[in-house]
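Colleague: Contents of query.txt (compact mmCIF, C-alpha atoms) are given next:
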```
# COMPACT_ATOMS: atom_id res chain seq x y z
CA MET C 1 12.44 18.93 -55.70
CA LYS C 2 11.21 21.03 -52.73
CA ARG C 3 7.65 19.80 -53.34
CA ILE C 4 8.83 16.16 -53.22
CA LEU C 5 10.70 16.77 -49.96
CA ILE C 6 7.65 18.50 -48.44
CA ASN C 7 5.39 15.65 -49.51
CA ARG C 8 7.76 13.10 -47.97
CA LEU C 9 7.87 15.13 -44.75
CA VAL C 10 4.06 15.30 -44.59
CA ILE C 11 3.80 11.55 -45.15
CA ALA C 12 6.38 10.86 -42.43
CA VAL C 13 4.52 13.11 -39.93
CA CYS C 14 1.22 11.42 -40.75
CA LEU C 15 2.71 7.95 -40.27
CA ALA C 16 4.21 9.00 -36.93
CA ALA C 17 0.83 10.38 -35.82
CA VAL C 18 -0.96 7.18 -36.81
CA SER C 19 1.63 5.14 -34.91
CA LEU C 20 1.22 7.31 -31.79
CA LEU C 21 -2.58 7.13 -31.95
CA SER C 22 -2.43 3.35 -32.36
CA THR C 23 -0.19 3.08 -29.30
CA LEU C 24 -2.54 5.25 -27.25
CA ALA C 25 -5.52 3.25 -28.43
CA ILE C 26 -3.87 0.02 -27.33
CA GLN C 27 -2.97 1.43 -23.91
CA ALA C 28 -6.49 2.75 -23.38
CA SER C 29 -8.21 -0.40 -24.66
CA PRO C 30 -10.85 -1.50 -22.14
CA ASP C 31 -10.04 -5.12 -23.01
CA LEU C 32 -6.72 -4.73 -21.22
CA GLY C 33 -8.46 -3.62 -18.03
CA ALA C 34 -5.70 -1.09 -17.30
CA ASP C 35 -8.13 1.01 -15.25
CA GLU C 36 -8.69 -1.98 -12.96
CA ILE C 37 -5.07 -1.95 -11.81
CA LEU C 38 -4.79 -0.47 -8.35
CA PRO C 39 -2.29 2.37 -7.95
CA PRO C 40 1.00 1.34 -6.35
CA GLY C 41 0.08 0.48 -2.79
CA CYS C 42 0.88 -2.10 -0.17
CA GLU C 43 -0.58 -5.09 -1.99
CA ALA C 44 1.72 -7.88 -3.11
CA TYR C 45 1.47 -9.97 -6.27
CA PRO C 46 1.97 -13.77 -6.12
CA LEU C 47 5.00 -13.85 -8.42
CA GLY C 48 7.95 -14.81 -6.23
CA LEU C 49 11.40 -14.05 -7.68
CA SER C 50 14.48 -15.97 -6.65
CA LYS C 51 17.08 -14.10 -4.61
CA TYR C 52 19.70 -15.73 -6.86
CA LEU C 53 18.10 -14.10 -9.91
CA LEU C 54 18.27 -10.68 -8.25
CA HIS C 55 21.71 -11.06 -6.66
CA GLY C 56 23.84 -7.93 -7.18
CA SER C 57 21.44 -6.30 -9.66
CA PRO C 58 21.12 -2.51 -9.31
CA PRO C 59 17.75 -0.73 -9.74
CA GLY C 60 16.88 -0.41 -13.40
CA SER C 61 18.24 -3.85 -14.27
CA PRO C 62 16.18 -6.14 -16.54
CA LEU C 63 15.60 -9.60 -15.09
CA THR C 64 14.34 -12.48 -17.21
CA ALA C 65 12.88 -15.39 -15.29
CA LEU C 66 11.10 -18.63 -16.19
CA PHE C 67 8.06 -20.35 -14.75
CA SER C 68 10.13 -23.37 -13.83
CA ASP C 69 11.34 -25.29 -10.81
CA SER C 70 14.90 -24.06 -11.24
CA LEU C 71 16.89 -22.10 -8.69
CA TYR C 72 16.21 -18.97 -10.76
CA GLY C 73 12.54 -19.73 -11.47
CA ILE C 74 9.42 -17.72 -10.67
CA GLY C 75 7.56 -19.16 -7.71
CA ILE C 76 3.79 -18.78 -7.93
CA LEU C 77 2.47 -18.17 -4.43
CA ARG C 78 -0.87 -18.78 -2.75
CA TRP C 79 -1.99 -16.46 0.02
CA ASP C 80 -4.44 -19.18 1.11
CA PRO C 81 -2.66 -22.46 2.03
CA ASP C 82 -5.88 -24.50 1.84
CA PRO C 83 -5.27 -27.33 -0.69
CA ALA C 84 -8.54 -26.30 -2.36
CA SER C 85 -6.82 -23.08 -3.51
CA ASN C 86 -4.05 -24.99 -5.30
CA ASN C 87 -5.53 -24.29 -8.73
CA ILE C 88 -4.90 -21.81 -11.53
CA GLY C 89 -8.29 -20.16 -10.99
CA TYR C 90 -7.22 -19.01 -7.53
CA VAL C 91 -3.90 -17.72 -8.89
CA VAL C 92 -5.76 -15.66 -11.49
CA LYS C 93 -7.94 -14.28 -8.70
CA GLU C 94 -4.81 -13.24 -6.78
CA LEU C 95 -3.52 -11.37 -9.84
CA ARG C 96 -6.85 -9.61 -10.30
CA GLN C 97 -7.29 -8.85 -6.59
CA PRO C 98 -3.86 -8.10 -5.11
CA GLU C 99 -5.54 -6.84 -1.96
CA LEU C 100 -5.96 -10.53 -1.03
CA SER C 101 -2.32 -10.39 0.10
CA LEU C 102 -3.57 -8.10 2.87
CA THR C 103 -7.06 -9.40 3.58
CA GLY C 104 -6.81 -13.11 2.75
CA TYR C 105 -3.33 -14.20 3.78
CA THR C 106 -2.58 -17.15 6.08
CA GLY C 107 0.91 -18.50 6.73
CA MET C 108 1.67 -22.01 5.49
CA LEU C 109 3.36 -23.12 8.71
CA ASN C 110 1.44 -20.84 11.09
CA ALA C 111 -2.32 -20.72 10.69
CA GLY C 112 -2.46 -17.77 13.09
CA ASP C 113 -0.22 -15.60 10.91
CA HIS C 114 -2.29 -13.27 8.73
CA SER C 115 0.36 -10.62 8.09
CA LEU C 116 2.49 -11.21 5.00
CA SER C 117 6.07 -10.31 5.87
CA ALA C 118 9.72 -11.32 5.46
CA GLY C 119 10.51 -14.69 7.03
CA ASP C 120 7.10 -16.17 6.22
CA ALA C 121 6.60 -19.57 4.62
CA VAL C 122 4.06 -18.94 1.84
CA ALA C 123 2.11 -21.73 0.15
CA ALA C 124 3.16 -22.60 -3.39
CA TYR C 125 1.00 -23.22 -6.43
CA THR C 126 2.28 -26.57 -7.68
CA GLY C 127 0.53 -26.79 -11.04
CA LEU C 128 1.42 -25.35 -14.44
CA PRO C 129 0.46 -21.73 -15.24
CA ALA C 130 -1.02 -22.92 -18.55
CA SER C 131 -4.17 -20.85 -18.76
CA ASN C 132 -5.50 -18.20 -21.15
CA ASP C 133 -6.80 -16.25 -18.15
CA PHE C 134 -3.39 -16.37 -16.47
CA ASN C 135 -1.68 -15.18 -19.66
CA ALA C 136 -4.23 -12.40 -20.02
CA GLU C 137 -3.49 -11.13 -16.51
CA ILE C 138 0.27 -11.04 -17.10
CA TYR C 139 -0.32 -9.21 -20.39
CA ARG C 140 -2.65 -6.79 -18.56
CA LEU C 141 -0.03 -5.97 -15.95
CA GLN C 142 2.57 -5.49 -18.67
CA ALA C 143 0.36 -3.21 -20.79
CA SER C 144 -0.66 -1.05 -17.81
CA GLY C 145 2.92 -0.44 -16.69
CA ALA C 146 1.81 -1.26 -13.14
CA VAL C 147 4.41 -1.20 -10.37
CA LEU C 148 4.25 -4.58 -8.62
CA ARG C 149 5.34 -5.41 -5.10
CA VAL C 150 6.60 -9.02 -5.26
CA PRO C 151 8.25 -11.35 -2.73
CA ILE C 152 11.83 -12.53 -3.08
CA TRP C 153 12.16 -16.18 -2.05
CA SER C 154 15.32 -17.72 -0.60
CA TYR C 155 14.47 -21.43 -0.56
CA ARG C 156 11.66 -23.93 -1.05
CA GLY C 157 10.35 -26.46 1.44
CA GLY C 158 7.68 -29.12 1.81
CA SER C 159 6.23 -31.17 -1.00
CA GLY C 160 3.00 -31.64 -2.93
CA PRO C 161 0.16 -29.43 -1.66
CA ASN C 162 2.33 -28.57 1.38
CA ARG C 163 5.10 -27.03 -0.72
CA TYR C 164 6.07 -23.50 0.25
CA TYR C 165 8.48 -20.66 -0.51
CA ALA C 166 10.44 -18.91 2.26
CA VAL C 167 10.12 -15.15 1.74
CA ASP C 168 13.35 -13.21 2.18
CA ARG C 169 12.13 -9.66 1.40
CA PHE C 170 10.08 -7.62 -1.09
CA VAL C 171 10.96 -5.56 -4.17
CA LEU C 172 9.21 -3.39 -6.75
CA VAL C 173 9.22 -4.44 -10.41
CA LYS C 174 7.49 -3.83 -13.73
CA ILE C 175 6.76 -6.46 -16.37
CA THR C 176 8.17 -5.45 -19.76
CA ASP C 177 8.01 -8.69 -21.78
CA PHE C 178 6.16 -12.00 -21.70
CA HIS C 179 6.32 -14.99 -24.04
CA PRO C 180 3.83 -17.69 -23.05
CA GLU C 181 4.38 -19.45 -26.39
CA GLN C 182 7.97 -20.27 -25.47
CA PRO C 183 9.14 -23.09 -23.17
CA ASP C 184 8.77 -22.14 -19.47
CA MET C 185 7.01 -18.88 -20.48
CA PRO C 186 9.85 -16.35 -19.92
CA VAL C 187 8.96 -13.03 -18.29
CA THR C 188 11.19 -9.96 -18.22
CA PHE C 189 10.94 -7.60 -15.27
CA ILE C 190 12.58 -4.26 -14.59
CA TYR C 191 13.87 -4.20 -11.03
CA LEU C 192 12.92 -0.85 -9.46
CA GLY C 193 14.30 -1.25 -5.95
CA GLU C 194 13.65 -2.66 -2.50
CA ALA C 195 10.21 -2.39 -0.89
CA ASP C 196 8.60 -2.69 2.53
CA ALA C 197 6.63 -5.79 3.41
CA PRO C 198 2.87 -5.32 2.92
CA GLU C 199 2.18 -5.19 6.66
CA THR C 200 4.91 -2.58 7.22
CA CYS C 201 3.60 -0.45 4.40
CA ARG C 202 -0.07 -0.94 5.14
CA SER C 203 -1.95 2.03 6.57
CA PHE C 204 -5.01 1.08 8.54
CA GLY C 205 -6.71 1.92 11.80
CA LEU C 206 -9.90 2.20 13.80
CA ASP C 207 -11.48 4.99 15.76
CA ILE C 208 -14.42 5.15 18.16
CA SER C 209 -15.94 8.49 19.08
CA PRO C 210 -15.17 9.99 22.53
CA ASP C 211 -15.97 8.71 25.98
CA ALA C 212 -19.46 9.20 27.38
CA ALA C 213 -21.15 9.48 30.77
CA GLY C 214 -24.73 9.25 31.99
CA TRP C 215 -27.04 8.63 34.93
CA GLY C 216 -29.15 5.55 35.61
CA THR C 217 -31.32 4.36 38.46
CA ALA C 218 -31.13 0.85 39.87
CA GLY C 219 -32.68 -1.70 37.49
CA GLN C 220 -32.81 0.79 34.61
CA PRO C 221 -31.60 -0.20 31.09
CA LEU C 222 -29.77 2.54 29.21
CA THR C 223 -28.59 2.86 25.61
CA TYR C 224 -25.56 4.75 24.34
CA THR C 225 -24.62 5.18 20.69
CA ARG C 226 -21.00 5.54 19.61
CA ARG C 227 -19.53 5.59 16.08
CA LEU C 228 -16.91 3.20 14.74
CA THR C 229 -14.76 4.46 11.84
CA ASN C 230 -12.25 2.69 9.61
CA THR C 231 -9.45 5.25 9.33
CA GLY C 232 -7.33 3.08 7.00
CA HIS C 233 -7.11 2.68 3.25
CA TYR C 234 -8.52 -0.85 2.92
CA THR C 235 -11.79 -2.61 3.66
CA GLU C 236 -11.45 -4.21 7.08
CA THR C 237 -13.57 -6.39 9.35
CA ALA C 238 -13.51 -5.26 12.98
CA ALA C 239 -14.62 -7.21 16.05
CA LEU C 240 -16.18 -5.45 19.05
CA THR C 241 -15.91 -6.52 22.67
CA VAL C 242 -17.29 -5.20 25.95
CA THR C 243 -15.82 -5.30 29.45
CA ILE C 244 -17.53 -3.84 32.51
CA SER C 245 -16.75 -3.07 36.12
CA PRO C 246 -18.21 -3.88 38.62
CA ALA C 247 -19.00 -7.39 37.35
CA GLU C 248 -22.60 -7.19 38.66
CA TRP C 249 -23.45 -4.72 35.91
CA SER C 250 -24.29 -5.97 32.41
CA ALA C 251 -23.59 -4.54 28.98
CA SER C 252 -23.63 -5.62 25.35
CA ALA C 253 -22.71 -4.11 21.99
CA SER C 254 -24.43 -4.34 18.64
CA PRO C 255 -23.11 -5.23 16.13
CA VAL C 256 -20.35 -7.52 17.39
CA THR C 257 -18.53 -7.46 14.03
CA ALA C 258 -18.54 -4.89 11.25
CA THR C 259 -16.97 -4.74 7.79
CA LEU C 260 -16.09 -1.17 6.84
CA GLY C 261 -14.67 0.34 3.69
CA PRO C 262 -11.97 3.03 3.80
CA GLY C 263 -13.28 6.00 5.78
CA GLN C 264 -16.64 4.33 6.41
CA SER C 265 -18.37 4.90 9.73
CA ILE C 266 -21.28 3.07 11.42
CA PRO C 267 -23.20 3.53 14.69
CA VAL C 268 -22.54 1.05 17.47
CA THR C 269 -25.22 0.61 20.13
CA LEU C 270 -24.09 -0.06 23.69
CA ALA C 271 -26.79 -1.35 26.06
CA VAL C 272 -26.07 -1.00 29.80
CA THR C 273 -28.25 -2.31 32.59
CA VAL C 274 -27.87 -0.99 36.14
CA PRO C 275 -28.36 -3.83 38.65
CA ILE C 276 -31.23 -3.47 41.11
CA SER C 277 -28.77 -3.90 43.96
CA ALA C 278 -26.57 -0.99 42.84
CA PRO C 279 -26.20 1.47 45.75
CA ALA C 280 -26.72 5.16 45.11
CA GLY C 281 -23.54 6.96 44.17
CA THR C 282 -21.87 3.95 42.57
CA ALA C 283 -20.78 3.91 38.92
CA GLY C 284 -20.37 1.25 36.30
CA VAL C 285 -17.63 1.68 33.72
CA VAL C 286 -17.99 -0.05 30.37
CA THR C 287 -15.08 -0.28 27.93
CA LEU C 288 -16.13 -0.78 24.33
CA SER C 289 -13.21 -2.03 22.24
CA ALA C 290 -12.81 -2.65 18.51
CA TYR C 291 -9.89 -4.48 16.92
CA LEU C 292 -8.87 -6.11 13.64
CA PRO C 293 -8.68 -9.91 14.01
CA VAL C 294 -6.07 -10.02 11.21
CA SER C 295 -3.90 -7.59 13.18
CA PRO C 296 -5.03 -7.36 16.83
CA ALA C 297 -2.55 -4.57 17.57
CA VAL C 298 -4.79 -2.24 15.55
CA SER C 299 -7.52 -1.33 18.02
CA ALA C 300 -9.56 1.49 19.49
CA GLY C 301 -11.58 1.87 22.67
CA VAL C 302 -14.06 4.11 24.43
CA ARG C 303 -15.20 4.30 28.06
CA VAL C 304 -18.82 4.81 29.04
CA THR C 305 -19.54 5.63 32.70
CA THR C 306 -23.01 5.29 34.22
CA THR C 307 -23.61 6.63 37.73
CA VAL C 308 -26.50 5.84 40.07
CA PRO C 309 -27.65 9.22 41.44
CA ILE C 310 -27.86 9.94 45.16
CA PRO C 311 -31.39 10.90 46.16
CA VAL C 312 -31.77 14.47 47.33
CA TYR C 313 -34.42 15.02 50.02
CA LEU C 314 -35.77 18.49 50.47
CA PRO C 315 -37.01 19.56 53.90
CA LEU C 316 -40.75 19.56 54.35
CA ILE C 317 -42.02 22.79 55.87
CA LEU C 318 -45.53 22.75 57.24
CA ALA C 319 -47.52 25.92 57.41
CA GLU C 320 -49.01 26.84 60.79
```
Show how you would write the structure in this file as structure tokens.
Modeller:
Amino acid sequence: MKRILINRLVIAVCLAAVSLLSTLAIQASPDLGADEILPPGCEAYPLGLSKYLLHGSPPGSPLTALFSDSLYGIGILRWDPDPASNNIGYVVKELRQPELSLTGYTGMLNAGDHSLSAGDAVAAYTGLPASNDFNAEIYRLQASGAVLRVPIWSYRGGSGPNRYYAVDRFVLVKITDFHPEQPDMPVTFIYLGEADAPETCRSFGLDISPDAAGWGTAGQPLTYTRRLTNTGHYTETAALTVTISPAEWSASASPVTATLGPGQSIPVTLAVTVPISAPAGTAGVVTLSAYLPVSPAVSAGVRVTTTVPIPVYLPLILAE
């Protein structure tokens, strides 16, 4: 009898081990692309949840929503309002590259708005999410256990390719279930809590190395080299501008735009020409500025001062 019990125990342990190994194998499967999921950051995913669906739910609550046009439906959002992006291929790209919510966003009603935040009108995808690639991305997010920052929408506006969702705020969720074979493709989320808007959360910045000073004679071209660094956590494109005083002086920077990865640094060449008419003792001050066109408030600057020297005449002493 003891031998039978021991055998049963061994079999049970083996079955449990096989089950655990199978689960681990599924989670680690390269086909799921779990290692491609970015760690929880400031990116947003284009799955807008209705504020009516979330109303009164505490963190930890399961929320089941449908891809439908109902008041409780999931709104699929487009960070790019161009009608050419109103296709399922672009939506799949958004799911695969959530950083587009930071680097490729344009407001539906304000073409100058490139910062996704509460109160924005965000373009809607108006087609059906009937795509194997779309299903695969939702399954991938579910299998990875990724924490998703998603918008909460309060109402819909516009029509056709101009349809949009009004964003009320942002929350964090996880996908725990998905049934694309059922009508309206129900998805179950776990609500994890409120979240900052991507632009509030986002950490980015620019830095240019310290001020510089030099000497230059009238008519002389000079070259200074400074370094521009992206101090943020995302790839950014910076624009560089030059201002100079007095206006008779001339200066230019190269390059005039630069795309830098996180922590990346490049040299920036500043060419300054002293005008022939510049009196001795005068100085030209050049301000080299760099800023992010998507968020002009993020900027950095450096001053370069060039002074025209005053000639020094030594007395001439003649020997008798």
Colleague: Using only C-alpha atoms, find the one residue out of C:Gly119, C:Gly160, C:Pro221, C:Pro83 that sits nearest to C:Val274.
Modeller: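 Of all the options, C:Pro221 lies closest to C:Val274.
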Colleague: What does the structure give for the distance between atom CA of C:Ala166 and atom CA of C:Ser131, in Å to one decimal?
Modeller: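 Here the two named atoms are 25.7 Å from each other.
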Colleague: With distances taken over all atoms listed in the file, which of C:Phe189, C:Gly107, C:Gly261, C:Thr217 is nearest to C:Gly145?
Modeller: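 Of all the options, C:Phe189 lies closest to C:Gly145.
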Colleague: Just the number, please: distance in Å from atom CA of C:Pro180 to atom CA of C:Pro46, one decimal.
Modeller: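 So the answer is 17.5 Å.
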Colleague: Which residue, C:Val92, C:Ile190, C:Leu54, C:Ala130, has the smallest gap to C:Asp168 when you use all atoms listed in the file?
Modeller: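 When distances to C:Asp168 are compared using all atoms listed in the file, the smallest one comes from C:Leu54.
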Colleague: Can you tell me which residues surround stretch 55-60 of chain C at a distance of at most 12 Å, considering all atoms listed in the file, apart from same-chain residues fewer than 6 positions away, and format the answer as a list in words?
Modeller: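 Close residues of stretch 55-60 of chain C: Leu49, Tyr72, Ile152, Trp153, Ser154, Val171, Leu172, Val173, Lys174, Thr176, Phe189, Ile190, Tyr191, Leu192, Gly193, Glu194 and Ala195 of chain C.
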Colleague: Taking all atoms listed in the file into account, which of C:Ser50, C:Ser117, C:Asn110, C:Ser299 comes nearest C:Thr64?
Modeller: C:Ser50
Colleague: Applying 7 Å and all atoms listed in the file, which residues near C:His114 remain after dropping the ones on its own chain fewer than 6 positions away? List them as a PyMOL selection string.
Modeller: chain C and resi 105-107+294
Colleague: The selected residues should be written to file as a compact mmCIF listing (two decimals), in the frame of the given file (atoms: C-alpha atoms).
Modeller:
```txt
# COMPACT_ATOMS: atom_id res chain seq x y z
CA TYR C 105 -3.33 -14.20 3.78
CA THR C 106 -2.58 -17.15 6.08
CA GLY C 107 0.91 -18.50 6.73
CA VAL C 294 -6.07 -10.02 11.21
```
Colleague: Could you name the residues that touch stretch 234-250 of chain C at 8 Å or less, counting all atoms listed in the file, but leaving out those on the same chain fewer than 4 positions away, as a VMD selection string?
Modeller: chain C and resid 103 204 230 255 to 262 272 to 275 284 to 293
Colleague: Expressed in Å to a single decimal, how great is the separation between atom CA of C:Tyr139 and atom CA of C:Ala121?
Modeller: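 These two atoms are separated by 27.9 Å.
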Colleague: Between C:Arg226, C:His179, C:Arg169, C:Arg303, which has the minimum distance to C:Pro198 (counting all atoms listed in the file)?
Modeller: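 Nearest candidate to C:Pro198 out of C:Arg226, C:His179, C:Arg169, C:Arg303: C:Arg169.
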Colleague: Can you work out which one of C:Gly73, C:Gly48, C:Gly205, C:Pro129 has the shortest atom-to-atom distance to C:Gln264, counting all atoms listed in the file?
Modeller: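 Selected residue with least distance to C:Gln264: C:Gly205.
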